[in-house]
>>> print(open('run.txt').read())   # compact mmCIF, C-alpha atoms
# COMPACT_ATOMS: atom_id res chain seq x y z
CA MET A 1 -27.49 22.93 -40.88
CA GLN A 2 -28.22 20.31 -38.18
CA PRO A 3 -25.24 19.35 -35.96
CA SER A 4 -24.07 15.75 -36.46
CA SER A 5 -23.78 13.20 -33.60
CA ARG A 6 -20.00 13.66 -33.83
CA ASP A 7 -20.43 17.37 -33.09
CA ASP A 8 -22.66 16.53 -30.10
CA PHE A 9 -20.01 14.18 -28.77
CA ILE A 10 -17.28 16.82 -29.08
CA ILE A 11 -19.45 19.47 -27.42
CA ALA A 12 -20.24 17.09 -24.54
CA ILE A 13 -16.56 16.25 -24.05
CA ARG A 14 -15.52 19.91 -24.18
CA SER A 15 -18.14 21.00 -21.73
CA ALA A 16 -17.30 18.06 -19.46
CA PHE A 17 -13.66 19.05 -19.23
CA LEU A 18 -13.96 22.84 -19.30
CA LYS A 19 -17.32 23.49 -17.70
CA LYS A 20 -17.18 26.60 -15.55
CA GLU A 21 -20.60 26.69 -14.01
CA ASN A 22 -19.81 23.83 -11.65
CA LYS A 23 -17.76 26.27 -9.56
CA GLN A 24 -14.63 24.21 -10.17
CA LYS A 25 -11.54 26.25 -9.43
CA TYR A 26 -9.28 24.27 -11.74
CA SER A 27 -10.03 22.92 -15.17
CA LEU A 28 -10.02 19.16 -15.39
CA SER A 29 -7.97 19.13 -18.58
CA ALA A 30 -5.29 21.37 -17.02
CA LEU A 31 -5.01 19.04 -14.01
CA ILE A 32 -4.78 15.97 -16.26
CA LEU A 33 -1.96 17.64 -18.19
CA LEU A 34 -0.24 18.54 -14.92
CA THR A 35 -0.51 14.93 -13.70
CA LEU A 36 0.92 13.63 -16.97
CA ALA A 37 3.79 16.11 -16.62
CA ILE A 38 4.46 14.89 -13.06
CA LEU A 39 4.45 11.27 -14.25
CA ILE A 40 6.77 11.87 -17.19
CA LEU A 41 9.19 14.16 -15.37
CA GLY A 42 9.13 11.84 -12.34
CA LYS A 43 10.04 8.90 -14.57
CA TYR A 44 13.15 10.76 -15.78
CA ASP A 45 14.17 11.85 -12.25
CA PHE A 46 13.63 15.56 -12.83
CA LYS A 47 15.12 17.33 -9.81
CA ILE A 48 12.26 19.71 -8.92
CA ILE A 49 9.75 16.88 -9.21
CA ASN A 50 11.91 14.66 -6.99
CA TYR A 51 12.16 17.33 -4.29
CA SER A 52 8.41 17.95 -4.49
CA LYS A 53 7.82 14.20 -4.23
CA ILE A 54 9.96 13.97 -1.10
CA SER A 55 8.07 16.88 0.54
CA LEU A 56 4.72 15.39 -0.46
CA LYS A 57 5.71 12.01 0.95
CA GLU A 58 6.85 13.54 4.23
CA ILE A 59 3.47 15.27 4.59
CA ALA A 60 1.50 12.21 3.44
CA TYR A 61 3.29 9.78 5.80
CA ARG A 62 2.88 12.06 8.82
CA SER A 63 -0.79 12.71 7.97
CA THR A 64 -1.44 8.99 7.54
CA PHE A 65 0.12 8.35 10.92
CA VAL A 66 -2.23 10.92 12.51
CA PHE A 67 -5.30 9.75 10.56
CA SER A 68 -4.65 6.13 11.50
CA THR A 69 -4.25 6.75 15.24
CA PRO A 70 -7.87 5.91 16.22
CA GLU A 71 -7.87 2.81 14.02
CA ASN A 72 -4.51 1.66 15.42
CA LEU A 73 -5.77 2.16 18.98
CA ILE A 74 -8.76 -0.10 18.28
CA LYS A 75 -6.50 -2.64 16.59
CA LYS A 76 -4.08 -2.64 19.55
CA SER A 77 -6.87 -3.02 22.11
CA PHE A 78 -8.34 -5.91 20.14
CA ILE A 79 -4.99 -7.70 19.96
CA ALA A 80 -4.36 -7.03 23.67
CA THR A 81 -7.75 -8.47 24.62
CA LYS A 82 -7.24 -11.50 22.39
CA ASN A 83 -3.76 -12.10 23.85
CA HIS A 84 -5.15 -11.77 27.36
CA PHE A 85 -7.47 -14.73 26.81
CA LEU A 86 -4.71 -16.84 25.29
CA VAL A 87 -2.10 -16.09 27.94
CA TYR A 88 -2.43 -19.33 29.92
CA GLU A 89 -2.02 -21.66 26.94
CA GLU A 90 0.73 -19.49 25.54
CA ASN A 91 2.62 -19.58 28.81
CA LYS A 92 2.69 -23.38 28.78
CA ILE A 93 4.01 -23.46 25.21
CA LEU A 94 6.58 -20.76 25.94
CA ARG A 95 7.93 -22.64 28.97
CA GLU A 96 8.57 -25.65 26.76
CA LYS A 97 10.21 -23.46 24.15
CA VAL A 98 12.49 -21.76 26.69
CA LYS A 99 13.77 -25.14 27.85
CA ASP A 100 14.43 -26.11 24.27
CA LEU A 101 16.17 -22.84 23.47
CA GLU A 102 18.38 -23.00 26.55
CA THR A 103 19.77 -26.30 25.29
CA LYS A 104 20.27 -24.85 21.82
CA ASP A 105 21.94 -21.76 23.26
CA TYR A 106 24.76 -23.77 24.78
CA ASN A 107 25.34 -25.47 21.45
CA SER A 108 25.28 -22.20 19.49
CA GLU A 109 27.74 -20.55 21.90
CA PHE A 110 30.19 -23.32 21.17
CA ILE A 111 29.53 -23.12 17.41
CA LEU A 112 29.97 -19.34 17.39
CA ALA A 113 33.31 -19.55 19.17
CA GLU A 114 34.43 -22.27 16.81
CA ASN A 115 33.24 -20.23 13.82
CA GLU A 116 35.21 -17.15 14.92
CA ARG A 117 38.31 -19.26 15.39
CA LEU A 118 37.95 -20.85 11.94
CA LYS A 119 37.35 -17.45 10.29
CA GLU A 120 40.52 -16.14 11.85
CA THR A 121 42.39 -19.16 10.52
CA LEU A 122 40.99 -18.53 7.01
CA ASN A 123 41.56 -14.76 7.32
CA GLU A 124 37.96 -14.12 6.21
CA LEU A 125 35.98 -10.92 6.44
CA ASN A 126 34.13 -9.90 9.56
CA PHE A 127 31.32 -7.38 9.55
CA SER A 128 30.83 -4.34 11.71
CA SER A 129 27.33 -2.96 11.89
CA ASN A 130 25.70 0.41 12.39
CA GLU A 131 22.21 0.27 13.85
CA ILE A 132 19.28 2.70 14.09
CA LEU A 133 16.04 1.93 15.91
CA ALA A 134 12.98 3.09 13.97
CA LYS A 135 9.25 3.21 14.58
CA VAL A 136 6.81 1.98 11.92
CA ILE A 137 4.54 4.94 11.20
CA VAL A 138 2.58 3.62 8.21
CA ASP A 139 1.74 0.02 7.47
CA LYS A 140 -0.61 0.33 4.52
CA GLN A 141 -0.31 -2.86 2.51
CA SER A 142 -1.20 -2.97 -1.15
CA PRO A 143 -1.17 -5.70 -3.81
CA PHE A 144 1.42 -3.66 -5.72
CA LEU A 145 3.85 -2.91 -2.96
CA LYS A 146 4.38 -4.68 0.34
CA SER A 147 6.11 -1.99 2.30
CA ILE A 148 6.16 -0.02 5.53
CA ILE A 149 7.15 3.55 6.33
CA VAL A 150 9.54 4.18 9.22
CA ASN A 151 10.27 7.42 11.05
CA LYS A 152 13.99 7.56 10.28
CA GLY A 153 15.46 9.15 7.18
CA SER A 154 18.67 10.62 5.82
CA LYS A 155 18.68 13.11 8.73
CA HIS A 156 19.16 10.20 11.17
CA GLY A 157 21.81 8.43 9.13
CA ALA A 158 19.59 5.96 7.29
CA GLU A 159 20.84 4.90 3.87
CA LEU A 160 19.37 3.28 0.80
CA GLY A 161 19.73 -0.51 0.84
CA MET A 162 20.07 -0.76 4.64
CA ALA A 163 18.88 -4.09 6.06
CA VAL A 164 15.74 -3.86 8.18
CA LEU A 165 15.36 -6.29 11.05
CA ASP A 166 12.59 -7.23 13.42
CA LYS A 167 14.50 -8.47 16.50
CA GLU A 168 17.22 -10.39 14.67
CA TYR A 169 15.08 -11.47 11.71
CA LEU A 170 15.42 -9.84 8.32
CA VAL A 171 12.19 -8.22 7.12
CA GLY A 172 13.33 -6.07 4.19
CA LYS A 173 15.52 -3.24 3.01
CA ILE A 174 15.24 0.52 2.54
CA VAL A 175 14.21 1.42 -1.01
CA GLU A 176 13.14 5.04 -0.64
CA LEU A 177 14.90 7.61 1.48
CA ASN A 178 13.33 10.91 2.55
CA PHE A 179 14.62 13.49 5.01
CA THR A 180 12.85 12.17 8.12
CA THR A 181 11.14 9.01 6.81
CA SER A 182 12.01 5.97 4.70
CA ARG A 183 10.09 3.27 2.85
CA VAL A 184 11.06 -0.34 3.57
CA LEU A 185 10.39 -2.93 0.88
CA LEU A 186 9.31 -6.10 2.68
CA LEU A 187 10.65 -9.51 1.71
CA SER A 188 7.10 -10.55 0.78
CA ASP A 189 6.89 -7.96 -2.01
CA LEU A 190 6.79 -9.20 -5.60
CA ASN A 191 9.86 -7.13 -6.48
CA SER A 192 11.97 -8.38 -3.57
CA LYS A 193 14.83 -10.77 -4.47
CA ILE A 194 17.36 -11.81 -1.83
CA PRO A 195 20.25 -14.30 -2.20
CA VAL A 196 19.83 -16.94 0.50
CA ASP A 197 21.42 -20.00 1.99
CA ILE A 198 19.17 -22.95 2.91
CA LEU A 199 20.49 -24.93 5.86
CA PRO A 200 21.46 -27.60 6.83
CA ASN A 201 22.42 -28.55 3.25
CA GLY A 202 23.87 -25.12 2.43
CA ILE A 203 21.93 -24.72 -0.83
CA GLN A 204 22.38 -21.32 -2.45
CA SER A 205 19.26 -19.80 -3.94
CA ILE A 206 17.14 -16.69 -4.41
CA LEU A 207 14.21 -15.83 -2.16
CA SER A 208 11.47 -13.93 -4.00
CA GLY A 209 8.40 -12.23 -2.60
CA THR A 210 4.99 -13.42 -3.71
CA GLY A 211 2.88 -10.37 -2.93
CA LYS A 212 1.23 -12.46 -0.17
CA GLU A 213 2.41 -13.27 3.36
CA ASN A 214 5.09 -15.76 2.32
CA GLY A 215 8.10 -15.94 0.04
CA LYS A 216 9.27 -18.60 -2.43
CA ILE A 217 12.56 -20.15 -3.35
CA GLN A 218 13.59 -19.68 -6.97
CA TYR A 219 16.40 -20.71 -9.30
CA VAL A 220 17.47 -23.84 -7.47
CA LYS A 221 18.60 -27.12 -9.02
CA GLU A 222 18.66 -29.37 -5.97
CA GLU A 223 14.96 -29.08 -5.13
CA THR A 224 14.85 -32.57 -3.63
CA LEU A 225 17.51 -31.65 -1.09
CA ILE A 226 15.26 -28.94 0.34
CA GLU A 227 13.07 -30.31 3.09
CA ASN A 228 10.24 -28.98 5.13
CA GLU A 229 11.35 -26.75 8.07
CA ASN A 230 14.83 -26.20 6.60
CA LYS A 231 16.04 -22.80 7.77
CA VAL A 232 16.64 -19.89 5.38
CA PHE A 233 19.42 -17.35 6.03
CA THR A 234 20.94 -14.55 3.97
CA SER A 235 23.89 -15.82 1.97
CA GLY A 236 25.68 -12.49 1.72
CA ALA A 237 26.12 -12.98 -2.05
CA GLY A 238 26.13 -9.66 -3.88
CA GLY A 239 27.29 -7.89 -0.74
CA ILE A 240 23.86 -6.43 0.07
CA PHE A 241 23.51 -8.08 3.46
CA LYS A 242 25.88 -9.84 5.79
CA PRO A 243 25.62 -13.66 5.58
CA GLY A 244 23.70 -15.56 8.25
CA ILE A 245 20.77 -13.26 9.05
CA PRO A 246 17.77 -15.52 9.78
CA ILE A 247 14.78 -15.06 7.48
CA GLY A 248 12.35 -17.96 7.77
CA GLU A 249 11.81 -21.66 7.22
CA ILE A 250 10.75 -23.83 4.31
CA ASP A 251 7.06 -24.62 4.26
CA LYS A 252 6.32 -27.48 1.89
CA LYS A 253 2.92 -28.21 3.39
CA GLN A 254 1.13 -25.96 0.92
CA SER A 255 -0.28 -27.87 -2.03
CA ASN A 256 1.29 -25.84 -4.86
CA LEU A 257 4.56 -26.77 -6.52
CA ASP A 258 6.48 -23.75 -5.25
CA ILE A 259 8.95 -24.07 -2.41
CA ASN A 260 7.41 -21.60 0.02
CA VAL A 261 9.14 -19.84 2.86
CA SER A 262 7.23 -18.72 5.93
CA PHE A 263 8.97 -15.77 7.52
CA PHE A 264 10.04 -15.83 11.17
CA SER A 265 8.68 -12.33 11.61
CA ASP A 266 5.00 -11.43 11.28
CA PHE A 267 5.07 -8.48 8.87
CA SER A 268 1.58 -7.34 9.84
CA GLN A 269 2.65 -6.81 13.46
CA LEU A 270 5.77 -4.68 12.96
CA ARG A 271 5.94 -1.76 15.41
CA PHE A 272 9.65 -1.08 15.86
CA VAL A 273 12.42 -2.22 13.54
CA LYS A 274 16.19 -1.94 13.39
CA LEU A 275 17.85 -0.36 10.38
CA ARG A 276 21.27 -1.92 10.08
CA SER A 277 24.08 -1.38 7.60
CA PHE A 278 26.99 -3.77 7.46
CA SER A 279 30.49 -2.96 6.40
CA PRO A 280 33.20 -5.58 6.03
CA GLU A 281 36.31 -5.19 8.18
CA GLU A 282 39.39 -7.22 7.46
CA ASN A 283 41.05 -9.29 10.15
CA MET J 1 -27.25 33.45 17.99
CA THR J 2 -24.41 31.15 19.15
CA LYS J 3 -26.67 28.18 18.60
CA LEU J 4 -27.39 29.38 15.09
CA SER J 5 -23.71 29.81 14.20
CA LYS J 6 -22.93 26.36 15.65
CA LEU J 7 -25.63 24.88 13.45
CA ASN J 8 -24.17 26.69 10.50
CA ILE J 9 -20.69 25.26 11.17
CA PHE J 10 -22.16 21.78 11.52
CA LYS J 11 -24.02 22.18 8.21
CA GLN J 12 -20.84 23.34 6.49
CA PHE J 13 -19.00 20.35 7.92
CA LEU J 14 -21.69 18.01 6.56
CA GLU J 15 -21.48 19.70 3.17
CA LYS J 16 -17.75 19.00 3.10
CA GLY J 17 -18.50 15.37 4.06
CA PRO J 18 -17.65 13.80 0.67
CA ILE J 19 -14.22 15.46 0.40
CA ILE J 20 -13.42 14.69 4.06
CA LEU J 21 -14.38 11.07 3.41
CA LEU J 22 -12.16 10.98 0.33
CA PHE J 23 -9.14 12.22 2.29
CA ILE J 24 -9.83 9.78 5.13
CA ALA J 25 -10.11 6.96 2.58
CA THR J 26 -6.78 7.82 0.97
CA LEU J 27 -4.80 8.74 4.08
CA ASN J 28 -6.02 6.09 6.50
CA GLU J 29 -4.09 2.84 6.88
CA PHE J 30 -7.33 0.89 6.67
CA ASP J 31 -8.27 0.57 3.04
CA PHE J 32 -11.10 -1.38 1.42
CA ASN J 33 -8.88 -1.57 -1.62
CA TYR J 34 -6.24 -3.64 0.15
CA LEU J 35 -8.09 -5.82 2.60
CA GLU J 36 -6.14 -8.89 3.53
CA LEU J 37 -8.87 -11.14 2.22
CA LYS J 38 -7.98 -13.30 -0.73
CA TYR J 39 -10.95 -12.67 -2.99
CA PHE J 40 -12.46 -9.48 -1.70
CA SER J 41 -11.45 -5.86 -2.11
CA PHE J 42 -12.96 -2.81 -3.71
CA ASN J 43 -11.89 0.70 -4.59
CA PHE J 44 -13.90 3.02 -2.38
CA PRO J 45 -12.41 6.32 -3.71
CA PHE J 46 -13.50 5.37 -7.26
CA ILE J 47 -17.13 4.97 -6.12
CA LEU J 48 -17.03 8.15 -4.07
CA ILE J 49 -15.48 10.31 -6.80
CA TYR J 50 -17.73 8.95 -9.55
CA TYR J 51 -20.94 9.38 -7.57
CA TRP J 52 -20.27 12.90 -6.29
CA SER J 53 -18.80 14.16 -9.59
CA LEU J 54 -21.90 12.88 -11.31
CA LYS J 55 -24.55 14.00 -8.88
CA ARG J 56 -23.07 17.07 -7.21
CA PRO J 57 -19.80 18.16 -8.82
CA GLY J 58 -19.37 21.13 -6.48
CA SER J 59 -18.90 18.79 -3.48
CA LEU J 60 -15.50 17.57 -4.65
CA GLY J 61 -13.19 20.13 -6.23
CA TYR J 62 -10.95 18.83 -9.02
CA GLY J 63 -7.95 20.35 -7.25
CA LEU J 64 -8.69 18.44 -4.05
CA ILE J 65 -9.31 15.22 -5.98
CA PHE J 66 -5.93 15.70 -7.66
CA LEU J 67 -4.29 16.26 -4.25
CA SER J 68 -5.95 13.21 -2.70
CA GLY J 69 -4.62 11.14 -5.62
CA LEU J 70 -1.10 12.36 -4.93
CA PHE J 71 -1.47 11.48 -1.24
CA ASN J 72 -2.82 8.05 -2.14
CA ASP J 73 0.19 7.34 -4.38
CA ALA J 74 2.60 8.48 -1.68
CA VAL J 75 0.99 6.27 0.97
CA VAL J 76 0.41 3.19 -1.18
CA GLY J 77 3.78 3.45 -2.91
CA LEU J 78 2.59 3.80 -6.49
CA PRO J 79 4.40 6.16 -8.89
CA ILE J 80 3.32 9.70 -7.96
CA GLY J 81 0.54 10.84 -10.29
CA VAL J 82 -1.00 7.48 -11.22
CA SER J 83 -3.95 7.68 -8.80
CA SER J 84 -4.47 11.40 -9.52
CA LEU J 85 -4.70 10.62 -13.20
CA SER J 86 -7.19 7.81 -12.64
CA TYR J 87 -9.31 9.95 -10.27
CA LEU J 88 -9.36 12.83 -12.75
CA PHE J 89 -10.34 10.48 -15.58
CA ILE J 90 -13.23 9.25 -13.46
CA CYS J 91 -14.29 12.89 -13.04
CA GLY J 92 -14.02 13.32 -16.80
CA PHE J 93 -16.17 10.25 -17.51
CA SER J 94 -18.82 11.20 -14.96
CA SER J 95 -18.84 14.77 -16.22
CA TYR J 96 -19.35 13.49 -19.76
CA LEU J 97 -22.23 11.28 -18.64
CA ARG J 98 -23.81 14.20 -16.81
CA ASN J 99 -23.63 16.33 -19.94
CA ILE J 100 -25.21 13.78 -22.26
CA THR J 101 -27.88 12.58 -19.83
CA LEU J 102 -31.33 14.09 -20.11
CA ARG J 103 -33.19 11.68 -17.85
CA PRO J 104 -30.89 10.26 -15.10
CA SER J 105 -31.26 6.55 -14.35
CA LYS J 106 -29.50 4.58 -11.64
CA ILE J 107 -28.94 1.56 -13.92
CA ASN J 108 -27.39 3.72 -16.66
CA ASP J 109 -25.07 5.35 -14.12
CA TRP J 110 -24.14 1.96 -12.74
CA PHE J 111 -23.24 0.39 -16.10
CA PHE J 112 -21.38 3.50 -17.19
CA PHE J 113 -19.45 3.26 -13.90
CA GLY J 114 -18.51 -0.34 -14.81
CA PHE J 115 -17.21 0.85 -18.18
CA THR J 116 -15.39 3.76 -16.53
CA ILE J 117 -13.53 1.66 -13.96
CA LEU J 118 -12.54 -0.86 -16.63
CA VAL J 119 -10.98 1.88 -18.75
CA VAL J 120 -9.43 3.74 -15.82
CA ASN J 121 -7.97 0.62 -14.20
CA SER J 122 -6.54 -0.54 -17.54
CA LEU J 123 -4.92 2.84 -17.98
CA MET J 124 -3.62 2.96 -14.40
CA PHE J 125 -2.09 -0.52 -14.49
CA ALA J 126 -0.73 -0.08 -18.00
CA ILE J 127 1.15 3.03 -16.87
CA SER J 128 2.36 1.38 -13.64
CA ASN J 129 3.47 -1.79 -15.40
CA VAL J 130 4.90 -0.48 -18.67
CA PHE J 131 6.57 2.72 -17.50
CA PHE J 132 7.37 1.98 -13.86
CA ASN J 133 7.79 -1.84 -13.85
CA VAL J 134 5.30 -2.33 -11.02
CA GLN J 135 4.36 -6.01 -10.96
CA ILE J 136 0.66 -6.68 -10.72
CA ILE J 137 -1.39 -9.72 -9.74
CA TYR J 138 -4.10 -9.51 -12.40
CA SER J 139 -6.55 -11.84 -10.64
CA ASP J 140 -6.59 -9.46 -7.63
CA VAL J 141 -7.19 -6.51 -9.93
CA LEU J 142 -10.12 -8.28 -11.62
CA VAL J 143 -11.67 -9.17 -8.26
CA ASN J 144 -11.21 -5.55 -7.19
CA ILE J 145 -12.94 -4.23 -10.33
CA LEU J 146 -15.82 -6.67 -9.97
CA PHE J 147 -16.52 -5.79 -6.32
CA THR J 148 -16.09 -2.06 -7.00
CA PHE J 149 -18.73 -2.39 -9.72
CA LEU J 150 -21.09 -4.41 -7.49
CA PHE J 151 -20.68 -2.15 -4.48
CA TYR J 152 -21.43 1.00 -6.46
CA ILE J 153 -25.16 0.40 -6.24
CA ILE J 154 -25.04 0.01 -2.44
CA PHE J 155 -22.87 3.05 -1.85
CA SER J 156 -24.78 5.17 -4.36
CA SER J 157 -27.96 4.52 -2.33
CA LEU J 158 -26.17 5.54 0.88
CA PHE J 159 -24.74 8.66 -0.77
CA GLU J 160 -28.17 9.47 -2.24
CA TYR J 161 -29.63 9.38 1.24
CA TYR J 162 -26.82 11.60 2.56
CA LYS J 163 -27.22 14.01 -0.35
CA ASN J 164 -30.95 14.36 0.23
CA LEU J 165 -30.37 14.84 3.94
CA VAL J 166 -27.67 17.49 3.65
CA PHE J 167 -28.34 19.27 0.37
CA GLY J 168 -32.04 18.56 -0.07
CA ALA J 169 -33.73 16.25 -2.60
CA SER J 170 -34.17 18.81 -5.38
CA ASN J 171 -30.60 20.13 -5.27
CA VAL J 172 -29.02 18.03 -8.02
>>> encode(input="run.txt", output="structure tokens")
Amino acid sequence: MQPSSRDDFIIAIRSAFLKKENKQKYSLSALILLTLAILILGKYDFKIINYSKISLKEIAYRSTFVFSTPENLIKKSFIATKNHFLVYEENKILREKVKDLETKDYNSEFILAENERLKETLNELNFSSNEILAKVIVDKQSPFLKSIIVNKGSKHGAELGMAVLDKEYLVGKIVELNFTTSRVLLLSDLNSKIPVDILPNGIQSILSGTGKENGKIQYVKEETLIENENKVFTSGAGGIFKPGIPIGEIDKKQSNLDINVSFFSDFSQLRFVKLRSFSPEEN
Amino acid sequence: MTKLSKLNIFKQFLEKGPIILLFIATLNEFDFNYLELKYFSFNFPFILIYYWSLKRPGSLGYGLIFLSGLFNDAVVGLPIGVSSLSYLFICGFSSYLRNITLRPSKINDWFFFGFTILVVNSLMFAISNVFFNVQIIYSDVLVNILFTFLFYIIFSSLFEYYKNLVFGASNV
């Protein structure tokens, strides 16, 4: 009896997945089953899988850091050379900015003192903060997850949900905690949603990531009140972050209908960040 | 004698070239898959795994491919196992093509690669989106698939050259 084309197909599939003469140590089908098991058990937070994941991530992050060293050196030298050529022009602009900031500083000192006094009068909450300095060890961006890996984990006192700042600007929060490393979800990620306050009009809204370099303002009624270059701060709603951490400014120049936010911090240039947790303390 | 053993080590290193390249591609921060260009990116590991599984399966062990997938997921931030599964499926597809092919043709391999990455990407993003709620920009994914398909022919020629150089032309 001649084999049918269906039989040929089955034989081809079987030999493709279980062929031994290719000197393959592991069978393809066994590895596919193992991967499916990892995916399913990982989805349901199976303990052994979670511990294995943490160990794997520790190894992967450290290896990536080592593997990326030559590339990062080239990148750094390129940026340094580029900055060197721009230093004269930049100096002129910075001088102007310093003058401007000095004036603003006097005003903000007065406003801060006034704010403290008013808070005391209202008996409002103050926040104490706990800060850890961390180095960015992996900065591999992907369209699915805008994140960075930092070299501080549970061993150093880092916690899930901690605010991550570049200077004093908010850049994201910790979403994955390992023993000596953590993953920070950047504000630009599609899954990032932060309650914000848009000043000077004090409009409450939600800042969402776009998966690109910017963010966008969502769920806001008073769109007309939001103007270009309005400043965006955390509102403190939901108790995730303390209110008043600067994030970015409104950028209405782009042609689409979204209200875009350009972040104060350049997420592609993060080298060191501060992990900060805030806890309210009553007056 | 020393010269001979040095040559031998160098040859062994060249023979491990594809797997070393795969690990560099998955562990390095620089990734063709996530270039910061709006309409350009391609999946280099897909091309590498498909070509070498098809033409010289012994060069990449399934176990190492599985491991590189796990590393890729850890670094990129995808659910652990998604990339491994897609890499292993690519191996499965290429292995199937190798078994049914009597007379190899570059064009056949190329179009079968297109079909393979369409199926594998659909599977990968379906799992990420449905089971792990990973949000995906579909236009970026489509651009990625298109360029991965187009670049296969370029990289397959480069790999062919490397294969002939290291393993010899007849060793298929």
>>> closest_atom_pairs(input="run.txt", of="chain J", to="chain A", cutoff="6 Å", atoms="all atoms listed in the file", output="Markdown table")
| residue | atom | partner | partner_atom | distance |
| --- | --- | --- | --- | --- |
| J:Leu27 | CA | A:Thr64 | CA | 4.8 |
| J:Asn28 | CA | A:Ser68 | CA | 5.2 |
| J:Glu29 | CA | A:Lys140 | CA | 4.9 |
| J:Tyr34 | CA | A:Ser142 | CA | 5.2 |
| J:Gly58 | CA | A:Asn22 | CA | 5.8 |
| J:Gly61 | CA | A:Gln24 | CA | 5.9 |
| J:Phe71 | CA | A:Ala60 | CA | 5.6 |
| J:Ala74 | CA | A:Lys57 | CA | 5.4 |
| J:Gly81 | CA | A:Thr35 | CA | 5.4 |
| J:Ser95 | CA | A:Ala16 | CA | 4.9 |
| J:Tyr96 | CA | A:Ala16 | CA | 5.0 |
| J:Asn99 | CA | A:Ala12 | CA | 5.8 |
| J:Ile136 | CA | A:Phe144 | CA | 5.9 |
>>> residues_around(input="run.txt", residues="Met124 of chain J", least_positions_apart="2", cutoff="8 Å", atoms="all atoms listed in the file", output="list in words")
Val82, Ser83, Leu85, Ser86, Val120, Asn121, Ser122, Ala126, Ile127 and Ser128 of chain J
>>> residues_near_point(input="run.txt", point="(-21.3, 5.4, 0.3)", cutoff="10 Å", atoms="all atoms listed in the file", output="list of chain:residue names")
J:Pro18, J:Leu21, J:Phe44, J:Pro45, J:Ile47, J:Leu48, J:Tyr51, J:Phe151, J:Tyr152, J:Ile153, J:Ile154, J:Phe155, J:Ser156, J:Ser157, J:Leu158, J:Phe159, J:Glu160, J:Tyr161, J:Tyr162
>>> atom_distance(input="run.txt", atom1="atom CA of Asn83 of chain A", atom2="atom CA of Phe263 of chain A")
21.0 Å
>>> closest_residue(input="run.txt", among="J:Asn129, J:Ser68, J:Thr148, J:Ser139", to="Ile20 of chain J", atoms="only C-alpha atoms")
J:Ser68
>>> closest_residue(input="run.txt", among="A:Glu159, A:Ile247, A:Glu222, A:Arg95", to="Phe278 of chain A", atoms="all atoms listed in the file")
A:Glu159
>>> atom_distance(input="run.txt", atom1="atom CA of Thr180 of chain A", atom2="atom CA of Ser154 of chain A")
6.4 Å
>>> residues_around(input="run.txt", residues="Ile198 of chain A", least_positions_apart="2", cutoff="9 Å", atoms="all atoms listed in the file", output="VMD selection string")
chain A and resid 196 200 to 205 226 230 to 235 249 to 250
>>> closest_residue(input="run.txt", among="J:Ile9, J:Ala25, J:Ile65, J:Leu78", to="Phe132 of chain J", atoms="all atoms listed in the file")
J:Leu78
>>> atom_distance(input="run.txt", atom1="atom CA of Phe179 of chain A", atom2="atom CA of Ser84 of chain J")
24.1 Å
>>> closest_residue(input="run.txt", among="J:Leu54, J:Val134, J:Leu146, J:Leu7", to="Ser192 of chain A", atoms="all atoms listed in the file")
J:Val134
>>> closest_residue(input="run.txt", among="J:Leu123, J:Leu14, J:Leu97, J:Leu22", to="Asp109 of chain J", atoms="all atoms listed in the file")
J:Leu97
>>> residues_around(input="run.txt", residues="Cys91 of chain J", least_positions_apart="6", cutoff="7 Å", atoms="all atoms listed in the file", output="list of chain:residue names")
J:Ile49, J:Tyr50, J:Ser53
>>> axis_aligned_box(input="run.txt", around="segment 77-94 of chain J", padding_each_side="4 Å", output="lines of an AutoDock Vina configuration file")
center_x = -7.2
center_y = 8.4
center_z = -10.2
size_x = 31.2
size_y = 17.9
size_z = 22.6
>>> closest_residue(input="run.txt", among="A:Ser52, A:Ser277, A:Thr81, A:Asn228", to="Val164 of chain A", atoms="all atoms listed in the file")
A:Ser277
>>> residues_near_point(input="run.txt", point="(7.2, -16.8, -8.6)", cutoff="10 Å", atoms="all atoms listed in the file", output="PyMOL selection string")
chain A and resi 190+207-211+215-218+258-260
